[in-house]
>>> print(open('input00.pdb').read())   # PDB, C-alpha atoms, pLDDT in the B column
ATOM      1  CA  MET A 241      38.143   8.442   6.112  1.00 54.00           C
ATOM      2  CA  GLY A 242      36.031  10.513   3.723  1.00 61.00           C
ATOM      3  CA  GLY A 243      36.461  10.065   0.019  1.00 69.00           C
ATOM      4  CA  ASN A 244      36.336  12.473  -2.856  1.00 82.00           C
ATOM      5  CA  GLY A 245      32.703  11.788  -3.703  1.00 84.00           C
ATOM      6  CA  PRO A 246      29.351  10.864  -2.240  1.00 82.00           C
ATOM      7  CA  ARG A 247      28.859   7.467  -0.677  1.00 80.00           C
ATOM      8  CA  GLN A 248      27.577   4.850  -3.082  1.00 78.00           C
ATOM      9  CA  ASP A 249      25.460   2.679  -0.766  1.00 79.00           C
ATOM     10  CA  TYR A 250      22.573   5.092  -0.115  1.00 83.00           C
ATOM     11  CA  LEU A 251      18.931   4.092  -0.545  1.00 88.00           C
ATOM     12  CA  GLY A 252      17.236   4.631  -3.887  1.00 91.00           C
ATOM     13  CA  TRP A 253      13.815   6.302  -3.998  1.00 95.00           C
ATOM     14  CA  ASP A 254      11.890   3.088  -4.642  1.00 95.00           C
ATOM     15  CA  GLU A 255      13.563   1.398  -1.714  1.00 94.00           C
ATOM     16  CA  THR A 256      13.014   4.417   0.536  1.00 95.00           C
ATOM     17  CA  PHE A 257       9.310   4.631  -0.216  1.00 97.00           C
ATOM     18  CA  MET A 258       8.750   0.889   0.046  1.00 95.00           C
ATOM     19  CA  LEU A 259      10.467   0.941   3.439  1.00 94.00           C
ATOM     20  CA  LEU A 260       8.029   3.693   4.439  1.00 96.00           C
ATOM     21  CA  THR A 261       5.124   1.399   3.521  1.00 97.00           C
ATOM     22  CA  HIS A 262       6.531  -1.213   5.894  1.00 95.00           C
ATOM     23  CA  LEU A 263       7.111   1.360   8.613  1.00 96.00           C
ATOM     24  CA  ILE A 264       3.579   2.799   8.462  1.00 97.00           C
ATOM     25  CA  ALA A 265       2.137  -0.746   8.231  1.00 97.00           C
ATOM     26  CA  ALA A 266       3.546  -1.347  11.713  1.00 96.00           C
ATOM     27  CA  ARG A 267       0.825   1.052  12.986  1.00 96.00           C
ATOM     28  CA  SER A 268      -1.870  -1.455  11.981  1.00 97.00           C
ATOM     29  CA  LYS A 269      -3.535  -3.294  14.841  1.00 96.00           C
ATOM     30  CA  ASP A 270      -4.682  -6.124  12.558  1.00 96.00           C
ATOM     31  CA  PRO A 271      -3.383  -9.344  14.142  1.00 94.00           C
ATOM     32  CA  ASN A 272      -3.057 -11.089  10.765  1.00 93.00           C
ATOM     33  CA  SER A 273      -1.837  -8.606   8.172  1.00 94.00           C
ATOM     34  CA  GLN A 274      -0.177  -5.225   8.388  1.00 96.00           C
ATOM     35  CA  VAL A 275      -0.362  -3.281   5.148  1.00 97.00           C
ATOM     36  CA  GLY A 276       1.023   0.144   4.310  1.00 98.00           C
ATOM     37  CA  ALA A 277       0.823   2.620   1.439  1.00 98.00           C
ATOM     38  CA  CYS A 278       2.777   5.729   0.534  1.00 98.00           C
ATOM     39  CA  ILE A 279       1.881   8.381  -2.070  1.00 98.00           C
ATOM     40  CA  VAL A 280       4.727  10.346  -3.616  1.00 98.00           C
ATOM     41  CA  ASP A 281       4.612  13.245  -6.049  1.00 98.00           C
ATOM     42  CA  PRO A 282       6.785  13.538  -9.197  1.00 98.00           C
ATOM     43  CA  HIS A 283       9.423  15.380  -7.125  1.00 98.00           C
ATOM     44  CA  ASP A 284       9.722  12.449  -4.660  1.00 98.00           C
ATOM     45  CA  ILE A 285       7.887  14.283  -1.878  1.00 98.00           C
ATOM     46  CA  VAL A 286       5.648  12.151   0.337  1.00 98.00           C
ATOM     47  CA  LEU A 287       2.053  13.410   0.234  1.00 98.00           C
ATOM     48  CA  GLY A 288       0.209  10.633   2.026  1.00 98.00           C
ATOM     49  CA  LEU A 289       0.675   7.558   4.189  1.00 98.00           C
ATOM     50  CA  GLY A 290      -1.879   4.961   5.196  1.00 98.00           C
ATOM     51  CA  TYR A 291      -2.243   1.593   6.883  1.00 98.00           C
ATOM     52  CA  ASN A 292      -5.086  -0.896   7.201  1.00 98.00           C
ATOM     53  CA  GLY A 293      -7.385  -0.288  10.137  1.00 97.00           C
ATOM     54  CA  PHE A 294     -10.853   0.652  11.292  1.00 97.00           C
ATOM     55  CA  PRO A 295     -12.305   4.083  10.503  1.00 97.00           C
ATOM     56  CA  ARG A 296     -11.424   6.963  12.817  1.00 95.00           C
ATOM     57  CA  GLY A 297     -13.506   6.973  15.956  1.00 95.00           C
ATOM     58  CA  CYS A 298     -14.301   3.247  15.783  1.00 95.00           C
ATOM     59  CA  SER A 299     -12.771   1.384  18.695  1.00 93.00           C
ATOM     60  CA  ASP A 300     -10.336  -1.400  17.832  1.00 91.00           C
ATOM     61  CA  GLU A 301     -12.013  -3.458  20.552  1.00 92.00           C
ATOM     62  CA  ALA A 302     -15.598  -2.856  19.350  1.00 94.00           C
ATOM     63  CA  LEU A 303     -15.207  -4.435  15.909  1.00 95.00           C
ATOM     64  CA  PRO A 304     -14.071  -7.916  14.847  1.00 95.00           C
ATOM     65  CA  TRP A 305     -10.595  -8.795  13.600  1.00 95.00           C
ATOM     66  CA  ALA A 306     -11.645 -12.297  12.453  1.00 94.00           C
ATOM     67  CA  ARG A 307     -10.832 -13.466   8.932  1.00 94.00           C
ATOM     68  CA  GLU A 308     -13.459 -16.201   8.775  1.00 95.00           C
ATOM     69  CA  GLY A 309     -17.165 -16.342   9.500  1.00 96.00           C
ATOM     70  CA  ASP A 310     -20.140 -14.511   8.092  1.00 96.00           C
ATOM     71  CA  PHE A 311     -19.427 -11.082   6.614  1.00 95.00           C
ATOM     72  CA  LEU A 312     -20.699  -9.088   9.593  1.00 94.00           C
ATOM     73  CA  THR A 313     -18.423 -10.916  12.029  1.00 95.00           C
ATOM     74  CA  THR A 314     -15.204 -10.467  10.011  1.00 95.00           C
ATOM     75  CA  LYS A 315     -12.844  -7.532   9.636  1.00 95.00           C
ATOM     76  CA  TYR A 316     -13.586  -7.258   5.904  1.00 94.00           C
ATOM     77  CA  ALA A 317     -16.832  -5.378   6.510  1.00 94.00           C
ATOM     78  CA  TYR A 318     -15.082  -2.693   8.563  1.00 97.00           C
ATOM     79  CA  VAL A 319     -11.401  -2.232   7.681  1.00 97.00           C
ATOM     80  CA  VAL A 320     -10.243   0.708   5.576  1.00 98.00           C
ATOM     81  CA  HIS A 321      -7.393  -0.446   3.325  1.00 98.00           C
ATOM     82  CA  ALA A 322      -3.963   1.181   3.427  1.00 98.00           C
ATOM     83  CA  GLU A 323      -4.269   2.567  -0.108  1.00 98.00           C
ATOM     84  CA  ALA A 324      -7.605   4.230   0.690  1.00 98.00           C
ATOM     85  CA  ASN A 325      -6.217   5.692   3.912  1.00 98.00           C
ATOM     86  CA  ALA A 326      -3.174   7.077   2.083  1.00 98.00           C
ATOM     87  CA  LEU A 327      -5.492   8.787  -0.421  1.00 98.00           C
ATOM     88  CA  LEU A 328      -7.699  10.135   2.382  1.00 98.00           C
ATOM     89  CA  ASN A 329      -4.658  11.347   4.347  1.00 97.00           C
ATOM     90  CA  ALA A 330      -2.949  13.061   1.395  1.00 98.00           C
ATOM     91  CA  SER A 331      -1.808  16.607   2.162  1.00 96.00           C
ATOM     92  CA  ALA A 332      -2.217  17.812  -1.445  1.00 97.00           C
ATOM     93  CA  PRO A 333      -3.867  16.676  -4.691  1.00 97.00           C
ATOM     94  CA  VAL A 334      -2.337  13.399  -5.889  1.00 98.00           C
ATOM     95  CA  HIS A 335      -2.949  13.645  -9.648  1.00 98.00           C
ATOM     96  CA  GLY A 336       0.086  12.232 -11.479  1.00 98.00           C
ATOM     97  CA  CYS A 337       1.630  10.775  -8.323  1.00 98.00           C
ATOM     98  CA  ARG A 338       2.990   7.307  -7.532  1.00 98.00           C
ATOM     99  CA  LEU A 339       1.457   5.001  -4.944  1.00 98.00           C
ATOM    100  CA  TYR A 340       3.665   2.434  -3.222  1.00 98.00           C
ATOM    101  CA  CYS A 341       1.979  -0.470  -1.423  1.00 98.00           C
ATOM    102  CA  ASN A 342       2.925  -3.789   0.117  1.00 95.00           C
ATOM    103  CA  TYR A 343       0.326  -5.804  -1.789  1.00 97.00           C
ATOM    104  CA  TYR A 344      -1.357  -5.510  -5.172  1.00 98.00           C
ATOM    105  CA  PRO A 345      -4.441  -3.318  -4.624  1.00 98.00           C
ATOM    106  CA  CYS A 346      -7.919  -4.860  -4.535  1.00 97.00           C
ATOM    107  CA  ASN A 347     -10.653  -3.777  -6.958  1.00 98.00           C
ATOM    108  CA  GLU A 348     -12.142  -1.256  -4.500  1.00 97.00           C
ATOM    109  CA  CYS A 349      -8.783   0.435  -3.947  1.00 98.00           C
ATOM    110  CA  ALA A 350      -8.071   0.298  -7.690  1.00 98.00           C
ATOM    111  CA  LYS A 351     -11.220   2.333  -8.321  1.00 98.00           C
ATOM    112  CA  LEU A 352     -10.154   4.951  -5.772  1.00 98.00           C
ATOM    113  CA  ILE A 353      -6.617   5.066  -7.177  1.00 98.00           C
ATOM    114  CA  ILE A 354      -7.976   5.627 -10.679  1.00 98.00           C
ATOM    115  CA  GLN A 355     -10.463   8.277  -9.547  1.00 98.00           C
ATOM    116  CA  HIS A 356      -7.643  10.176  -7.815  1.00 98.00           C
ATOM    117  CA  ARG A 357      -5.643   9.949 -11.062  1.00 98.00           C
ATOM    118  CA  ILE A 358      -2.603   8.231  -9.576  1.00 98.00           C
ATOM    119  CA  ALA A 359      -0.174   7.688 -12.464  1.00 98.00           C
ATOM    120  CA  GLU A 360       1.709   4.623 -11.212  1.00 98.00           C
ATOM    121  CA  VAL A 361       1.267   1.866  -8.633  1.00 98.00           C
ATOM    122  CA  ILE A 362       4.358   0.109  -7.299  1.00 98.00           C
ATOM    123  CA  TYR A 363       3.575  -2.996  -5.289  1.00 97.00           C
ATOM    124  CA  GLU A 364       5.754  -5.534  -3.532  1.00 95.00           C
ATOM    125  CA  GLU A 365       3.691  -8.711  -3.625  1.00 95.00           C
ATOM    126  CA  ASP A 366       0.739 -10.010  -5.650  1.00 96.00           C
ATOM    127  CA  LYS A 367      -0.554 -12.253  -2.880  1.00 93.00           C
ATOM    128  CA  TYR A 368      -3.792 -13.530  -4.453  1.00 94.00           C
ATOM    129  CA  PRO A 369      -3.578 -13.168  -8.264  1.00 95.00           C
ATOM    130  CA  GLU A 370      -6.125 -15.948  -8.794  1.00 97.00           C
ATOM    131  CA  LEU A 371      -8.950 -14.084  -7.012  1.00 96.00           C
ATOM    132  CA  ASP A 372     -11.439 -12.255  -9.193  1.00 97.00           C
ATOM    133  CA  LEU A 373     -11.163  -8.986  -7.285  1.00 95.00           C
ATOM    134  CA  TYR A 374      -7.463  -8.740  -8.213  1.00 97.00           C
ATOM    135  CA  LYS A 375      -8.177  -9.718 -11.811  1.00 97.00           C
ATOM    136  CA  VAL A 376     -10.654  -6.827 -11.863  1.00 98.00           C
ATOM    137  CA  SER A 377      -7.965  -4.493 -10.469  1.00 98.00           C
ATOM    138  CA  LYS A 378      -5.579  -5.435 -13.249  1.00 98.00           C
ATOM    139  CA  ARG A 379      -8.261  -4.860 -15.873  1.00 98.00           C
ATOM    140  CA  LEU A 380      -9.241  -1.485 -14.415  1.00 98.00           C
ATOM    141  CA  PHE A 381      -5.643  -0.270 -14.225  1.00 98.00           C
ATOM    142  CA  GLU A 382      -5.049  -1.334 -17.828  1.00 98.00           C
ATOM    143  CA  LEU A 383      -8.215   0.363 -19.088  1.00 98.00           C
ATOM    144  CA  ALA A 384      -7.459   3.567 -17.160  1.00 98.00           C
ATOM    145  CA  GLY A 385      -3.811   3.667 -18.245  1.00 98.00           C
ATOM    146  CA  VAL A 386      -2.380   3.422 -14.735  1.00 98.00           C
ATOM    147  CA  ALA A 387       1.177   2.095 -14.887  1.00 98.00           C
ATOM    148  CA  VAL A 388       1.752  -0.839 -12.537  1.00 98.00           C
ATOM    149  CA  ARG A 389       5.040  -2.459 -11.656  1.00 97.00           C
ATOM    150  CA  ARG A 390       6.344  -4.890  -9.114  1.00 97.00           C
ATOM    151  CA  TYR A 391       9.035  -3.644  -6.757  1.00 96.00           C
ATOM    152  CA  THR A 392      12.072  -5.860  -6.315  1.00 89.00           C
ATOM    153  CA  CYS A 393      13.856  -5.387  -3.016  1.00 79.00           C
ATOM    154  CA  ALA A 394      17.439  -4.193  -3.233  1.00 70.00           C
ATOM    155  CA  ASN A 395      17.847  -6.132   0.038  1.00 61.00           C
ATOM    156  CA  ARG A 396      19.709  -3.442   1.940  1.00 59.00           C
ATOM    157  CA  LEU A 397      17.274  -2.710   4.737  1.00 59.00           C
ATOM    158  CA  ARG A 398      14.109  -4.564   5.587  1.00 57.00           C
ATOM    159  CA  ILE A 399      11.319  -3.840   8.026  1.00 55.00           C
ATOM    160  CA  GLU A 400       9.404  -7.031   8.668  1.00 58.00           C
ATOM    161  CA  PRO A 401       5.812  -6.922   9.870  1.00 52.00           C
ATOM    162  CA  ARG A 402       5.238  -8.537  13.261  1.00 51.00           C
TER     163      ARG A 402
END
>>> encode(input="input00.pdb", output="structure tokens")
Amino acid sequence: MGGNGPRQDYLGWDETFMLLTHLIAARSKDPNSQVGACIVDPHDIVLGLGYNGFPRGCSDEALPWAREGDFLTTKYAYVVHAEANALLNASAPVHGCRLYCNYYPCNECAKLIIQHRIAEVIYEEDKYPELDLYKVSKRLFELAGVAVRRYTCANRLRIEPR
């Protein structure tokens, strides 16, 4: 049943890399949000993957996963974000690369992304645009000349977080 040319319904690069962010996010043990990030070089080679979780060597049972309470009793004091983990896990320098992520990066991740000289951020959802930390991210990316664009799902395959 083969035709005279390549199949036409293959995944594009954006869709492939965004699916990888969902796949690696499934490694997160966070009971509320699973976030993934994928760094890709200009030749579409994956250099780094990351998901949100506690630092290496810190037991998932020893630290809190709570979203509310005082700072020391919530996950926010301890979790390493997916974007930061992808940068830390990169197998080569990431200057000029693209970073794919499920959510618009926070201000802390934006600073790391800029310092690593990522050229473009592709995100799927801007979950909290009204919060100051995301307004700061947008300002930093603009000032640093980091291209940012929202990914629109081609709706072929979808990996849903649990």
>>> atom_distance(input="input00.pdb", atom1="CA of Ala384 (chain A)", atom2="CA of Asn342 (chain A)")
21.5 Å
>>> closest_residue(input="input00.pdb", among="A:Asn244, A:Lys375, A:Leu251, A:Asp300", to="Cys393 (chain A)", atoms="all atoms listed in the file")
A:Leu251
>>> residues_around(input="input00.pdb", residues="Tyr318 (chain A)", least_positions_apart="4", cutoff="8 Å", atoms="all atoms listed in the file", output="PyMOL selection string")
chain A and resi 294-295+303+314
>>> closest_residue(input="input00.pdb", among="A:Tyr343, A:Tyr250, A:Phe311, A:Tyr374", to="Glu323 (chain A)", atoms="all atoms listed in the file")
A:Tyr343
>>> resolve_selection(input="input00.pdb", expression="the PyMOL selection byres ((chain A and resi 267) around 10)", output="ChimeraX atom specification")
/A:262-266,268-270,274-276,290-293,401
>>> write_last_selection(input="input00.pdb", atoms="C-alpha atoms", output="compact mmCIF listing (two decimals), in the coordinates of the input")
# COMPACT_ATOMS: atom_id res chain seq x y z
CA HIS A 262 6.53 -1.21 5.89
CA LEU A 263 7.11 1.36 8.61
CA ILE A 264 3.58 2.80 8.46
CA ALA A 265 2.14 -0.75 8.23
CA ALA A 266 3.55 -1.35 11.71
CA SER A 268 -1.87 -1.46 11.98
CA LYS A 269 -3.54 -3.29 14.84
CA ASP A 270 -4.68 -6.12 12.56
CA GLN A 274 -0.18 -5.22 8.39
CA VAL A 275 -0.36 -3.28 5.15
CA GLY A 276 1.02 0.14 4.31
CA GLY A 290 -1.88 4.96 5.20
CA TYR A 291 -2.24 1.59 6.88
CA ASN A 292 -5.09 -0.90 7.20
CA GLY A 293 -7.38 -0.29 10.14
CA PRO A 401 5.81 -6.92 9.87
>>> atom_distance(input="input00.pdb", atom1="CA of Glu308 (chain A)", atom2="CA of Ala277 (chain A)")
24.7 Å
>>> resolve_selection(input="input00.pdb", expression="the PyMOL selection byres ((chain A and resi 376-379) around 12)", output="number ranges by chain")
A: 344-354, 361, 366, 368-375, 380-389
>>> closest_residue(input="input00.pdb", among="A:Trp253, A:Glu365, A:Arg247, A:Leu328", to="Pro282 (chain A)", atoms="all atoms listed in the file")
A:Trp253
>>> residues_near_point(input="input00.pdb", point="(0.1, 15.0, -3.8)", cutoff="8 Å", atoms="all atoms listed in the file", output="NGL selection string")
:A and (279-281 or 286-288 or 330-335 or 337)
>>> residues_around(input="input00.pdb", residues="Arg307 (chain A)", least_positions_apart="2", cutoff="12 Å", atoms="only C-alpha atoms", output="list of chain:residue names")
A:Asp270, A:Pro271, A:Asn272, A:Ser273, A:Pro304, A:Trp305, A:Gly309, A:Asp310, A:Phe311, A:Leu312, A:Thr313, A:Thr314, A:Lys315, A:Tyr316, A:Ala317, A:Tyr318, A:Val319
>>> resolve_selection(input="input00.pdb", expression="the PyMOL selection byres ((chain A and resi 258) around 10)", output="list of chain:residue names")
A:Trp253, A:Asp254, A:Glu255, A:Thr256, A:Phe257, A:Leu259, A:Leu260, A:Thr261, A:His262, A:Leu263, A:Gly276, A:Ala277, A:Cys278, A:Leu339, A:Tyr340, A:Cys341, A:Asn342, A:Ile362, A:Tyr363, A:Glu364, A:Tyr391, A:Thr392, A:Cys393, A:Arg398, A:Ile399
>>> closest_residue(input="input00.pdb", among="A:Ala359, A:Ala306, A:Cys298, A:Leu289", to="Ala326 (chain A)", atoms="all atoms listed in the file")
A:Leu289
>>> atom_distance(input="input00.pdb", atom1="CA of Ile285 (chain A)", atom2="CA of Lys367 (chain A)")
27.9 Å
>>> closest_residue(input="input00.pdb", among="A:Arg296, A:Gly252, A:Glu301, A:Gln355", to="Val320 (chain A)", atoms="only C-alpha atoms")
A:Arg296
>>> decode(input="input00.pdb", residues="region 346-364 of chain A", atoms="N, CA, C and O atoms", output="PDB file, in the first residue's frame")
ATOM      1  N   CYS A 346       8.758  31.237  34.935  1.00  0.00           N
ATOM      2  CA  CYS A 346       8.722  32.244  36.003  1.00  0.00           C
ATOM      3  C   CYS A 346       9.949  33.151  35.878  1.00  0.00           C
ATOM      4  O   CYS A 346      10.854  32.895  35.074  1.00  0.00           O
ATOM      5  N   ASN A 347      10.007  34.187  36.706  1.00  0.00           N
ATOM      6  CA  ASN A 347      11.117  35.137  36.646  1.00  0.00           C
ATOM      7  C   ASN A 347      12.462  34.487  36.972  1.00  0.00           C
ATOM      8  O   ASN A 347      13.480  34.825  36.356  1.00  0.00           O
ATOM      9  N   GLU A 348      12.489  33.544  37.923  1.00  0.00           N
ATOM     10  CA  GLU A 348      13.749  32.889  38.269  1.00  0.00           C
ATOM     11  C   GLU A 348      14.261  32.044  37.108  1.00  0.00           C
ATOM     12  O   GLU A 348      15.455  32.064  36.797  1.00  0.00           O
ATOM     13  N   CYS A 349      13.382  31.311  36.466  1.00  0.00           N
ATOM     14  CA  CYS A 349      13.786  30.514  35.301  1.00  0.00           C
ATOM     15  C   CYS A 349      14.154  31.414  34.132  1.00  0.00           C
ATOM     16  O   CYS A 349      15.093  31.103  33.382  1.00  0.00           O
ATOM     17  N   ALA A 350      13.448  32.526  33.983  1.00  0.00           N
ATOM     18  CA  ALA A 350      13.766  33.475  32.901  1.00  0.00           C
ATOM     19  C   ALA A 350      15.207  33.964  33.040  1.00  0.00           C
ATOM     20  O   ALA A 350      15.944  34.041  32.043  1.00  0.00           O
ATOM     21  N   LYS A 351      15.625  34.258  34.260  1.00  0.00           N
ATOM     22  CA  LYS A 351      17.000  34.716  34.469  1.00  0.00           C
ATOM     23  C   LYS A 351      18.005  33.639  34.063  1.00  0.00           C
ATOM     24  O   LYS A 351      19.018  33.944  33.418  1.00  0.00           O
ATOM     25  N   LEU A 352      17.730  32.400  34.428  1.00  0.00           N
ATOM     26  CA  LEU A 352      18.625  31.300  34.050  1.00  0.00           C
ATOM     27  C   LEU A 352      18.653  31.094  32.533  1.00  0.00           C
ATOM     28  O   LEU A 352      19.711  30.866  31.941  1.00  0.00           O
ATOM     29  N   ILE A 353      17.490  31.162  31.917  1.00  0.00           N
ATOM     30  CA  ILE A 353      17.381  31.004  30.463  1.00  0.00           C
ATOM     31  C   ILE A 353      18.202  32.077  29.753  1.00  0.00           C
ATOM     32  O   ILE A 353      18.950  31.793  28.807  1.00  0.00           O
ATOM     33  N   ILE A 354      18.091  33.297  30.222  1.00  0.00           N
ATOM     34  CA  ILE A 354      18.841  34.410  29.627  1.00  0.00           C
ATOM     35  C   ILE A 354      20.339  34.218  29.840  1.00  0.00           C
ATOM     36  O   ILE A 354      21.135  34.391  28.914  1.00  0.00           O
ATOM     37  N   GLN A 355      20.733  33.856  31.053  1.00  0.00           N
ATOM     38  CA  GLN A 355      22.156  33.677  31.348  1.00  0.00           C
ATOM     39  C   GLN A 355      22.779  32.552  30.523  1.00  0.00           C
ATOM     40  O   GLN A 355      23.960  32.611  30.198  1.00  0.00           O
ATOM     41  N   HIS A 356      21.982  31.547  30.176  1.00  0.00           N
ATOM     42  CA  HIS A 356      22.480  30.450  29.339  1.00  0.00           C
ATOM     43  C   HIS A 356      22.374  30.778  27.845  1.00  0.00           C
ATOM     44  O   HIS A 356      22.701  29.950  27.004  1.00  0.00           O
ATOM     45  N   ARG A 357      21.891  31.956  27.545  1.00  0.00           N
ATOM     46  CA  ARG A 357      21.779  32.477  26.177  1.00  0.00           C
ATOM     47  C   ARG A 357      20.915  31.609  25.266  1.00  0.00           C
ATOM     48  O   ARG A 357      21.220  31.406  24.088  1.00  0.00           O
ATOM     49  N   ILE A 358      19.804  31.120  25.830  1.00  0.00           N
ATOM     50  CA  ILE A 358      18.785  30.453  25.022  1.00  0.00           C
ATOM     51  C   ILE A 358      18.217  31.497  24.066  1.00  0.00           C
ATOM     52  O   ILE A 358      17.933  32.631  24.467  1.00  0.00           O
ATOM     53  N   ALA A 359      18.044  31.133  22.807  1.00  0.00           N
ATOM     54  CA  ALA A 359      17.579  32.089  21.796  1.00  0.00           C
ATOM     55  C   ALA A 359      16.065  32.229  21.753  1.00  0.00           C
ATOM     56  O   ALA A 359      15.542  33.309  21.452  1.00  0.00           O
ATOM     57  N   GLU A 360      15.352  31.128  22.030  1.00  0.00           N
ATOM     58  CA  GLU A 360      13.890  31.149  21.885  1.00  0.00           C
ATOM     59  C   GLU A 360      13.244  30.254  22.929  1.00  0.00           C
ATOM     60  O   GLU A 360      13.740  29.162  23.219  1.00  0.00           O
ATOM     61  N   VAL A 361      12.132  30.717  23.478  1.00  0.00           N
ATOM     62  CA  VAL A 361      11.318  29.941  24.411  1.00  0.00           C
ATOM     63  C   VAL A 361       9.973  29.677  23.743  1.00  0.00           C
ATOM     64  O   VAL A 361       9.322  30.612  23.267  1.00  0.00           O
ATOM     65  N   ILE A 362       9.584  28.426  23.697  1.00  0.00           N
ATOM     66  CA  ILE A 362       8.283  28.037  23.151  1.00  0.00           C
ATOM     67  C   ILE A 362       7.506  27.422  24.296  1.00  0.00           C
ATOM     68  O   ILE A 362       7.939  26.428  24.885  1.00  0.00           O
ATOM     69  N   TYR A 363       6.395  28.031  24.638  1.00  0.00           N
ATOM     70  CA  TYR A 363       5.606  27.564  25.778  1.00  0.00           C
ATOM     71  C   TYR A 363       4.207  27.200  25.301  1.00  0.00           C
ATOM     72  O   TYR A 363       3.741  27.662  24.271  1.00  0.00           O
ATOM     73  N   GLU A 364       3.541  26.364  26.092  1.00  0.00           N
ATOM     74  CA  GLU A 364       2.211  25.910  25.713  1.00  0.00           C
ATOM     75  C   GLU A 364       1.100  26.724  26.370  1.00  0.00           C
ATOM     76  O   GLU A 364       0.086  27.007  25.751  1.00  0.00           O
TER      77      GLU A 364
END
